[in-house]
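Notes to accompany the following structure.
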Amino acid sequence: MRRMDMEESDMQKIVIVGASGMVGSAAVRHFAAQKDWQVVGVSRRYPVNLDPALASRFTHLPLDLTDKAACEAAFGNMQDATHLVYAAVHEQPGDVVSGWRAREQMQTNRSMLVNVMEPLDRAASGLSQVSLLQGTKAYGFHIDWPDKAIATPNRESDPRHPHENFYWLQQDYITEKQASRPWSWTIWRPQLIFGDPVGSNLSVISVIGAYAALERAAGRGLSYPGGPAFPLEIVDADLIAEAIDWATASPAARNQVFNITNGDVIVWQNVWPMIAESFGMRVDPPRPQSLLQNLNGREAEWAALVDRYQLASSRSLKAFIGGSAALADFMFAYGVEHTPPPALVSTIKLRQAGFGGCIDSEVMLRKWITRLQELRYVP
């Protein structure tokens, strides 16, 4: 979606919080590429891999969202902000998956959103729309799956799953805040997200890339490391950015929750040959193993690989993949003995509201693998 060019005084100003994450950096790229948006990205780190041609169209604000005073000073001066994308998330250090149930992590995530919204809501009289990222943990996937039967598919209209979650804390806050305000909110529930990979705690593609590079260097093919096959949905960060853009101008997105996926279904074992081929590897027989444990023990191999190929990656494997290996183990169903139930959500509501964007998941996986290689993060 593109709008007619406007005078600078008439341009809309979008503030993207969490600008260095997968969704945040995709949103920065998407909106900075359009001449009729002023883009401010807020994150402690500069957005990864931003095209220099777009850098001049983007303002970066380094900020710690847990610092209330700093947030008050920063967002309290954004009188001309018209839109907010809140894509920031605090993940507990160490095992990301176990951190999803930690109350401290939940309260931290609520406080971060409050630290942004309170001063911004007071300052920006022209604020019109807020996009807030959740995920399918809203349906209790991290509680019930893979051991219990789960609804197939999960819908936005389902009763709230009875578990503690920072999503509920943020959603309850934002809906209560909006009740007397002219702006609206849109909440997004993506499935497993794929996007720019550097240092994220939620990037399975960086784990796949590191694992493939190390196995290839060791002279092995690419063995699937997970458990039994099951159908799931994944989603491209660039597609989420397109949907966020659609929501900025669509009345049908006002105060609505939407699931979002690529639009198709995959089974890891079925796409594994394509993944191996993309790395120039053969497929070896499955070898169930924890990638968290496997990669934790291969720092020296990774450093040698970076030196040998003069890669742009950090010589620290931990710095490259963050805490994402635990997420990869979970999504590959490592250690699961029985066939897991499908992990599926309905995206009918979003389509009926007017957003029909989609991408073939194999095409998307190839895109991000190619990006890993073009940026010289892996050989």
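Here's how to read the names in the structure tokens: chain A, B, ... by the order shown, residue numbers from 1 in each chain, ligand numbers from 1 in the order shown.
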inquiry  = Residues of stretch 248-378 of chain A classed as helix (DSSP H, G or I) by DSSP on the backbone are to be reported as a VMD selection string.
reply    = chain A and resid 248 to 249 251 to 253 268 to 278 291 to 296 299 to 309 317 to 321 324 to 331 348 to 353 361 to 374
For stretch 135-242 of chain A against stretch 343-352 of chain A, with a cut-off of 10 Å and counting only C-alpha atoms, what is the closest atom pair and its distance in Å to one decimal for every residue that makes the cut, ordered by chain and number, as CSV?
```
residue,atom,partner,partner_atom,distance
A:Thr136,CA,A:Val345,CA,8.1
A:Tyr139,CA,A:Val345,CA,9.2
A:Phe141,CA,A:Ala343,CA,7.7
A:Trp145,CA,A:Ala343,CA,8.0
A:Pro146,CA,A:Ala343,CA,8.7
A:Ile150,CA,A:Ala343,CA,8.0
A:Ala151,CA,A:Leu344,CA,8.3
A:Thr152,CA,A:Leu344,CA,6.0
A:Pro153,CA,A:Val345,CA,4.5
A:Asn154,CA,A:Val345,CA,4.4
A:Arg155,CA,A:Ser346,CA,5.5
A:Glu156,CA,A:Lys349,CA,8.0
A:Ser157,CA,A:Lys349,CA,9.6
A:Trp188,CA,A:Leu350,CA,9.9
A:Arg189,CA,A:Val345,CA,9.3
A:Pro190,CA,A:Val345,CA,9.2
A:Gln191,CA,A:Val345,CA,8.1
A:Phe230,CA,A:Ala343,CA,7.7
A:Pro231,CA,A:Ala343,CA,6.4
A:Leu232,CA,A:Ala343,CA,4.8
A:Glu233,CA,A:Leu344,CA,6.1
A:Ile234,CA,A:Leu344,CA,9.4
```
message = So, with only C-alpha atoms as the atoms that count, which of A:Asp284, A:Asp307, A:Asp245, A:Asp144 lies closest to A:Glu215?
response =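 Ranking A:Asp284, A:Asp307, A:Asp245, A:Asp144 by distance to A:Glu215, first place goes to A:Asp284.
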Each residue of stretch 83-202 of chain A lying at most 9 Å from stretch 55-75 of chain A should get a row with its shortest atom-to-atom pair and the distance in Å to one decimal, counting only C-alpha atoms; could you produce that, ordered by chain and increasing number, as a Markdown table?
```
| residue | atom | partner | partner_atom | distance |
| --- | --- | --- | --- | --- |
| A:Ala88 | CA | A:Leu65 | CA | 8.7 |
| A:Thr108 | CA | A:Thr66 | CA | 7.4 |
| A:Asn109 | CA | A:Thr66 | CA | 8.7 |
| A:Ser111 | CA | A:Thr66 | CA | 7.0 |
| A:Met112 | CA | A:Leu65 | CA | 5.2 |
| A:Leu113 | CA | A:Leu65 | CA | 7.9 |
| A:Val114 | CA | A:Lys68 | CA | 8.9 |
| A:Asn115 | CA | A:Lys68 | CA | 5.5 |
| A:Val116 | CA | A:Cys71 | CA | 6.1 |
| A:Met117 | CA | A:Phe75 | CA | 8.1 |
| A:Glu118 | CA | A:Glu72 | CA | 7.9 |
| A:Pro119 | CA | A:Glu72 | CA | 5.5 |
| A:Leu120 | CA | A:Phe75 | CA | 5.0 |
| A:Asp121 | CA | A:Phe75 | CA | 8.7 |
| A:Ala123 | CA | A:Phe75 | CA | 7.4 |
| A:Ala124 | CA | A:Phe75 | CA | 8.7 |
```
Output the selection as a compact mmCIF listing (two decimals), in the first residue's frame - C-alpha atoms for each residue.
```txt
# COMPACT_ATOMS: atom_id res chain seq x y z
CA ALA A 88 9.38 -4.98 21.65
CA THR A 108 8.59 -6.46 32.80
CA ASN A 109 6.81 -6.65 29.45
CA SER A 111 5.90 -2.14 32.36
CA MET A 112 7.73 -1.58 29.08
CA LEU A 113 4.50 -0.98 27.20
CA VAL A 114 3.20 1.33 29.94
CA ASN A 115 6.46 3.30 29.88
CA VAL A 116 5.90 3.93 26.17
CA MET A 117 2.16 4.55 26.10
CA GLU A 118 1.71 6.87 29.08
CA PRO A 119 3.91 9.73 27.82
CA LEU A 120 3.08 9.12 24.14
CA ASP A 121 -0.67 9.18 24.79
CA ALA A 123 1.94 14.10 24.05
CA ALA A 124 0.63 12.92 20.68
```
Sel. of strand (DSSP E or B) residues, stretch 105-350 of chain A, as JSON, numbers by chain = {"A": [129, 130, 131, 132, 133, 154, 184, 185, 186, 187, 188, 189, 190, 192, 193, 194, 222, 223, 231, 232, 234, 235, 236, 256, 257, 258, 259, 260, 266, 267, 283, 284, 343, 345]}
Just write the chosen residues, C-alpha atoms, as a PDB file, in the first residue's frame.
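Contents of part17.pdb, freshly written:
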```pdb
ATOM      1  CA  GLN A 129      -3.533   3.780  15.633  1.00  0.00           C
ATOM      2  CA  VAL A 130      -1.445   1.378  17.726  1.00  0.00           C
ATOM      3  CA  SER A 131      -0.310  -2.058  16.523  1.00  0.00           C
ATOM      4  CA  LEU A 132       0.679  -4.489  19.270  1.00  0.00           C
ATOM      5  CA  LEU A 133       2.427  -7.833  18.732  1.00  0.00           C
ATOM      6  CA  ASN A 154      -7.472 -21.637  17.067  1.00  0.00           C
ATOM      7  CA  SER A 184      -7.552   2.554  17.967  1.00  0.00           C
ATOM      8  CA  TRP A 185      -5.509  -0.578  18.471  1.00  0.00           C
ATOM      9  CA  THR A 186      -4.824  -3.685  16.405  1.00  0.00           C
ATOM     10  CA  ILE A 187      -3.361  -6.808  18.021  1.00  0.00           C
ATOM     11  CA  TRP A 188      -1.421  -9.310  15.906  1.00  0.00           C
ATOM     12  CA  ARG A 189      -0.976 -13.006  16.679  1.00  0.00           C
ATOM     13  CA  PRO A 190       1.634 -14.396  14.293  1.00  0.00           C
ATOM     14  CA  LEU A 192       6.553 -18.728  14.202  1.00  0.00           C
ATOM     15  CA  ILE A 193       8.197 -15.634  12.665  1.00  0.00           C
ATOM     16  CA  PHE A 194      11.077 -15.631  10.187  1.00  0.00           C
ATOM     17  CA  LEU A 222      21.863 -32.110   7.098  1.00  0.00           C
ATOM     18  CA  SER A 223      20.010 -34.427   9.490  1.00  0.00           C
ATOM     19  CA  PRO A 231       1.682 -29.651  10.579  1.00  0.00           C
ATOM     20  CA  LEU A 232       2.310 -26.051  11.577  1.00  0.00           C
ATOM     21  CA  ILE A 234       4.948 -19.984   9.930  1.00  0.00           C
ATOM     22  CA  VAL A 235       5.017 -16.318   8.924  1.00  0.00           C
ATOM     23  CA  ASP A 236       7.325 -13.875   7.155  1.00  0.00           C
ATOM     24  CA  GLN A 256      -9.428  -6.000  16.444  1.00  0.00           C
ATOM     25  CA  VAL A 257      -7.254  -9.058  17.100  1.00  0.00           C
ATOM     26  CA  PHE A 258      -5.907 -10.923  14.062  1.00  0.00           C
ATOM     27  CA  ASN A 259      -4.044 -14.188  13.598  1.00  0.00           C
ATOM     28  CA  ILE A 260      -1.506 -13.927  10.789  1.00  0.00           C
ATOM     29  CA  ILE A 266       4.299 -26.961   6.413  1.00  0.00           C
ATOM     30  CA  VAL A 267       5.715 -30.132   7.937  1.00  0.00           C
ATOM     31  CA  VAL A 283      19.981 -34.879   3.480  1.00  0.00           C
ATOM     32  CA  ASP A 284      21.288 -37.391   6.018  1.00  0.00           C
ATOM     33  CA  ALA A 343      -0.277 -26.241  15.619  1.00  0.00           C
ATOM     34  CA  VAL A 345      -4.665 -21.008  13.673  1.00  0.00           C
TER      35      VAL A 345
END
```
inquiry  = Which residue is closest to A:Leu202? Choose from A:Pro162, A:Gly356, A:Gly21, A:Pro225 and count only C-alpha atoms.
reply    =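 Residue with the minimum atom-to-atom distance to A:Leu202: A:Gly21.
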key: Pick from A:Glu362, A:His83, A:Tyr167, A:Asp51, whichever lies nearest to A:Asp264 using only C-alpha atoms   =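 The answer is A:Glu362, which sits nearest to A:Asp264.
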request  = Provide the atom CA of A:Trp268 to atom CA of A:Met22 distance in Å, to one decimal place.
outcome  = 21.2 Å
query = Counting only C-alpha atoms, which of A:Arg110, A:Arg220, A:Arg287, A:His142 gets nearest to A:Tyr334?
reply =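 Ranked by minimum distance to A:Tyr334, first place goes to A:Arg287.
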request  = Name the closest residue to A:Leu317 among the candidates A:Asn270, A:Thr82, A:Ser200, A:Ser25; distances are taken between atoms, counting only C-alpha atoms.
outcome  =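 Result for the nearest residue to A:Leu317: A:Ser200.
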inquiry  = as number ranges by chain, please: the residues near A:Trp368 (cut-off 8 Å, only C-alpha atoms, same-chain neighbours under 6 positions excluded).
reply    = A: 194-196, 205
Export N, CA and C atoms of the chosen residues as a PDB file, in the first residue's frame?
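Output file selection_14.pdb is given in full below:
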```pdb
ATOM      1  N   PHE A 194       9.764 -15.583  10.823  1.00  0.00           N
ATOM      2  CA  PHE A 194      11.077 -15.631  10.187  1.00  0.00           C
ATOM      3  C   PHE A 194      11.420 -14.234   9.675  1.00  0.00           C
ATOM      4  N   GLY A 195      12.629 -13.784  10.021  1.00  0.00           N
ATOM      5  CA  GLY A 195      13.057 -12.457   9.608  1.00  0.00           C
ATOM      6  C   GLY A 195      14.550 -12.311   9.773  1.00  0.00           C
ATOM      7  N   ASP A 196      15.042 -11.068   9.735  1.00  0.00           N
ATOM      8  CA  ASP A 196      16.480 -10.845   9.881  1.00  0.00           C
ATOM      9  C   ASP A 196      16.974 -11.453  11.192  1.00  0.00           C
ATOM     10  N   ILE A 205      15.654 -19.388  11.994  1.00  0.00           N
ATOM     11  CA  ILE A 205      16.463 -19.444  10.778  1.00  0.00           C
ATOM     12  C   ILE A 205      17.948 -19.288  11.086  1.00  0.00           C
TER      13      ILE A 205
END
```
task = Please provide the set of residues having any atom within 12 Å of A:Tyr377, restricted to only C-alpha atoms, with same-chain residues fewer than 3 positions apart removed, written as a ChimeraX atom specification.
result = /A:49,196-199,205-210,212-213,302,305-307,309-317,319-321,368-374
Write to file, as a compact mmCIF listing (two decimals), in the first residue's frame, the residues of the selection just made, with N, CA, C and O atoms.
```txt
# COMPACT_ATOMS: atom_id res chain seq x y z
N ASN A 49 20.93 -4.80 9.42
CA ASN A 49 20.94 -4.93 7.97
C ASN A 49 20.06 -3.92 7.26
O ASN A 49 19.46 -4.22 6.23
N ASP A 196 15.04 -11.07 9.73
CA ASP A 196 16.48 -10.84 9.88
C ASP A 196 16.97 -11.45 11.19
O ASP A 196 16.37 -11.26 12.24
N PRO A 197 18.09 -12.17 11.14
CA PRO A 197 18.41 -13.14 12.18
C PRO A 197 19.37 -12.75 13.29
O PRO A 197 19.57 -13.54 14.21
N VAL A 198 20.02 -11.60 13.24
CA VAL A 198 21.20 -11.41 14.09
C VAL A 198 20.85 -11.25 15.56
O VAL A 198 20.12 -10.33 15.94
N GLY A 199 21.35 -12.15 16.40
CA GLY A 199 21.27 -12.00 17.84
C GLY A 199 19.90 -12.09 18.47
O GLY A 199 19.73 -11.81 19.64
N ILE A 205 15.65 -19.39 11.99
CA ILE A 205 16.46 -19.44 10.78
C ILE A 205 17.95 -19.29 11.09
O ILE A 205 18.80 -19.90 10.43
N SER A 206 18.30 -18.50 12.10
CA SER A 206 19.72 -18.37 12.44
C SER A 206 20.26 -19.67 13.03
O SER A 206 21.41 -20.03 12.80
N VAL A 207 19.41 -20.38 13.78
CA VAL A 207 19.82 -21.68 14.33
C VAL A 207 20.02 -22.69 13.22
O VAL A 207 21.01 -23.43 13.19
N ILE A 208 19.07 -22.74 12.28
CA ILE A 208 19.20 -23.64 11.14
C ILE A 208 20.48 -23.32 10.36
O ILE A 208 21.23 -24.22 9.96
N GLY A 209 20.74 -22.02 10.14
CA GLY A 209 21.92 -21.63 9.40
C GLY A 209 23.21 -22.03 10.08
O GLY A 209 24.14 -22.54 9.44
N ALA A 210 23.29 -21.82 11.39
CA ALA A 210 24.50 -22.18 12.13
C ALA A 210 24.69 -23.69 12.15
O ALA A 210 25.81 -24.19 11.94
N ALA A 212 23.52 -25.91 9.99
CA ALA A 212 23.87 -26.39 8.66
C ALA A 212 25.33 -26.09 8.34
O ALA A 212 26.06 -26.95 7.81
N ALA A 213 25.80 -24.89 8.67
CA ALA A 213 27.18 -24.52 8.36
C ALA A 213 28.17 -25.41 9.10
O ALA A 213 29.18 -25.86 8.53
N TRP A 302 32.67 -22.92 15.54
CA TRP A 302 32.06 -21.77 14.89
C TRP A 302 33.08 -20.65 14.67
O TRP A 302 33.14 -20.06 13.59
N LEU A 305 35.19 -21.48 11.80
CA LEU A 305 34.43 -21.34 10.56
C LEU A 305 34.35 -19.87 10.13
O LEU A 305 34.55 -19.54 8.95
N VAL A 306 34.09 -19.00 11.08
CA VAL A 306 34.03 -17.56 10.79
C VAL A 306 35.37 -17.08 10.25
O VAL A 306 35.44 -16.31 9.27
N ASP A 307 36.46 -17.54 10.87
CA ASP A 307 37.79 -17.12 10.43
C ASP A 307 38.11 -17.69 9.04
O ASP A 307 38.65 -16.98 8.18
N TYR A 309 36.18 -18.57 6.52
CA TYR A 309 35.41 -17.97 5.42
C TYR A 309 35.31 -16.46 5.53
O TYR A 309 34.64 -15.83 4.71
N GLN A 310 35.97 -15.88 6.53
CA GLN A 310 35.92 -14.43 6.76
C GLN A 310 34.48 -13.93 6.75
O GLN A 310 34.11 -12.99 6.04
N LEU A 311 33.67 -14.57 7.58
CA LEU A 311 32.25 -14.25 7.65
C LEU A 311 32.03 -12.93 8.39
O LEU A 311 32.87 -12.49 9.18
N ALA A 312 30.87 -12.34 8.15
CA ALA A 312 30.48 -11.12 8.85
C ALA A 312 29.89 -11.41 10.22
O ALA A 312 29.63 -10.49 11.00
N SER A 313 29.67 -12.68 10.52
CA SER A 313 29.10 -13.07 11.81
C SER A 313 30.10 -12.84 12.94
O SER A 313 31.32 -12.82 12.73
N SER A 314 29.57 -12.72 14.14
CA SER A 314 30.42 -12.70 15.32
C SER A 314 31.13 -14.05 15.47
O SER A 314 30.57 -15.09 15.10
N ARG A 315 32.33 -14.04 16.00
CA ARG A 315 33.02 -15.30 16.29
C ARG A 315 32.36 -16.02 17.46
O ARG A 315 32.66 -17.17 17.72
N SER A 316 31.48 -15.34 18.15
CA SER A 316 30.71 -15.97 19.22
C SER A 316 29.41 -16.52 18.65
O SER A 316 28.56 -15.77 18.16
N LEU A 317 29.25 -17.83 18.70
CA LEU A 317 28.01 -18.44 18.21
C LEU A 317 26.83 -17.97 19.05
O LEU A 317 25.72 -17.74 18.53
N ALA A 319 26.43 -15.07 20.37
CA ALA A 319 26.05 -13.73 19.92
C ALA A 319 25.25 -13.79 18.63
O ALA A 319 24.37 -12.96 18.40
N PHE A 320 25.53 -14.79 17.80
CA PHE A 320 24.84 -14.90 16.52
C PHE A 320 23.42 -15.43 16.68
O PHE A 320 22.47 -14.90 16.10
N ILE A 321 23.23 -16.48 17.49
CA ILE A 321 21.90 -17.10 17.58
C ILE A 321 21.11 -16.66 18.81
O ILE A 321 19.92 -17.00 18.93
N TRP A 368 15.09 -16.24 3.26
CA TRP A 368 15.87 -15.91 4.44
C TRP A 368 17.18 -16.68 4.49
O TRP A 368 18.19 -16.18 5.00
N ILE A 369 17.21 -17.89 3.92
CA ILE A 369 18.49 -18.61 3.81
C ILE A 369 19.42 -17.85 2.87
O ILE A 369 20.61 -17.67 3.16
N THR A 370 18.87 -17.40 1.73
CA THR A 370 19.67 -16.62 0.78
C THR A 370 20.19 -15.35 1.44
O THR A 370 21.34 -14.93 1.22
N ARG A 371 19.36 -14.74 2.27
CA ARG A 371 19.78 -13.51 2.96
C ARG A 371 20.94 -13.81 3.92
O ARG A 371 21.89 -13.03 4.01
N LEU A 372 20.86 -14.92 4.64
CA LEU A 372 21.97 -15.33 5.50
C LEU A 372 23.27 -15.42 4.71
O LEU A 372 24.33 -14.98 5.17
N GLN A 373 23.16 -15.98 3.50
CA GLN A 373 24.36 -16.20 2.69
C GLN A 373 24.85 -14.90 2.06
O GLN A 373 26.05 -14.63 2.03
N GLU A 374 23.92 -14.07 1.56
CA GLU A 374 24.32 -12.82 0.93
C GLU A 374 24.98 -11.87 1.92
O GLU A 374 25.91 -11.13 1.56
```
query = Skipping near chain neighbours, those fewer than 2 positions away, what residues fall within 9 Å of A:Asn165 using only C-alpha atoms, listed as a VMD selection string?
reply = chain A and resid 100 to 103 106 137 to 138 163 167 to 169
key: atom CA of A:Ala249 to atom CA of A:Gln34, straight-line distance in Å   =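 These atoms are spaced 14.7 Å apart.
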query = Using only C-alpha atoms, which residue out of A:Asn296, A:Ser180, A:Ser324, A:Thr248 lies closest to A:Glu91?
reply =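 Among the listed residues, the smallest separation from A:Glu91 belongs to A:Ser324.
If you look at atom CA of A:Ala303 and atom CA of A:Gly323, they are 17.9 Å away from each other.
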ask   = Do you know which residues are at most 12 Å from A:Glu337 counting only C-alpha atoms, after dropping those on the same chain fewer than 2 positions away, and could you put them as a PyMOL selection string?
value = chain A and resi 146-147+226-229+288+333-335+339-340
Restricting it to N, CA, C and O atoms, dump the selection as an mmCIF file, in the first residue's frame.
```
data_model
loop_
_atom_site.group_PDB
_atom_site.id
_atom_site.type_symbol
_atom_site.label_atom_id
_atom_site.label_comp_id
_atom_site.auth_asym_id
_atom_site.auth_seq_id
_atom_site.Cartn_x
_atom_site.Cartn_y
_atom_site.Cartn_z
ATOM 1 N N PRO A 146 3.203 -30.048 23.210
ATOM 2 C CA PRO A 146 2.582 -31.048 22.345
ATOM 3 C C PRO A 146 1.864 -32.169 23.102
ATOM 4 O O PRO A 146 1.506 -33.171 22.503
ATOM 5 N N ASP A 147 1.677 -32.000 24.408
ATOM 6 C CA ASP A 147 1.191 -33.115 25.222
ATOM 7 C C ASP A 147 -0.334 -33.216 25.288
ATOM 8 O O ASP A 147 -0.876 -34.277 25.554
ATOM 9 N N GLY A 226 14.802 -32.986 14.935
ATOM 10 C CA GLY A 226 13.639 -32.941 15.800
ATOM 11 C C GLY A 226 12.935 -34.266 15.987
ATOM 12 O O GLY A 226 13.481 -35.341 15.718
ATOM 13 N N GLY A 227 11.679 -34.161 16.453
ATOM 14 C CA GLY A 227 10.875 -35.331 16.760
ATOM 15 C C GLY A 227 9.873 -35.655 15.661
ATOM 16 O O GLY A 227 10.139 -35.394 14.481
ATOM 17 N N PRO A 228 8.713 -36.197 16.040
ATOM 18 C CA PRO A 228 7.728 -36.644 15.050
ATOM 19 C C PRO A 228 7.184 -35.489 14.206
ATOM 20 O O PRO A 228 7.201 -34.326 14.606
ATOM 21 N N ALA A 229 6.676 -35.853 13.035
ATOM 22 C CA ALA A 229 6.122 -34.872 12.109
ATOM 23 C C ALA A 229 4.789 -34.334 12.611
ATOM 24 O O ALA A 229 3.995 -35.062 13.221
ATOM 25 N N PRO A 288 17.728 -37.238 15.940
ATOM 26 C CA PRO A 288 17.148 -36.407 17.003
ATOM 27 C C PRO A 288 18.202 -35.944 18.001
ATOM 28 O O PRO A 288 18.977 -36.749 18.512
ATOM 29 N N ALA A 333 9.879 -30.110 17.888
ATOM 30 C CA ALA A 333 9.336 -31.191 18.725
ATOM 31 C C ALA A 333 10.423 -32.162 19.171
ATOM 32 O O ALA A 333 10.193 -33.372 19.270
ATOM 33 N N TYR A 334 11.613 -31.619 19.466
ATOM 34 C CA TYR A 334 12.687 -32.469 19.972
ATOM 35 C C TYR A 334 12.275 -33.088 21.308
ATOM 36 O O TYR A 334 11.743 -32.415 22.190
ATOM 37 N N GLY A 335 12.529 -34.382 21.452
ATOM 38 C CA GLY A 335 12.242 -35.088 22.693
ATOM 39 C C GLY A 335 10.807 -35.551 22.833
ATOM 40 O O GLY A 335 10.459 -36.169 23.841
ATOM 41 N N THR A 339 3.088 -38.450 18.289
ATOM 42 C CA THR A 339 2.799 -37.485 17.237
ATOM 43 C C THR A 339 2.089 -36.280 17.836
ATOM 44 O O THR A 339 1.008 -36.410 18.405
ATOM 45 N N PRO A 340 2.665 -35.088 17.724
ATOM 46 C CA PRO A 340 2.024 -33.909 18.321
ATOM 47 C C PRO A 340 0.766 -33.519 17.552
ATOM 48 O O PRO A 340 0.630 -33.831 16.363
#
```
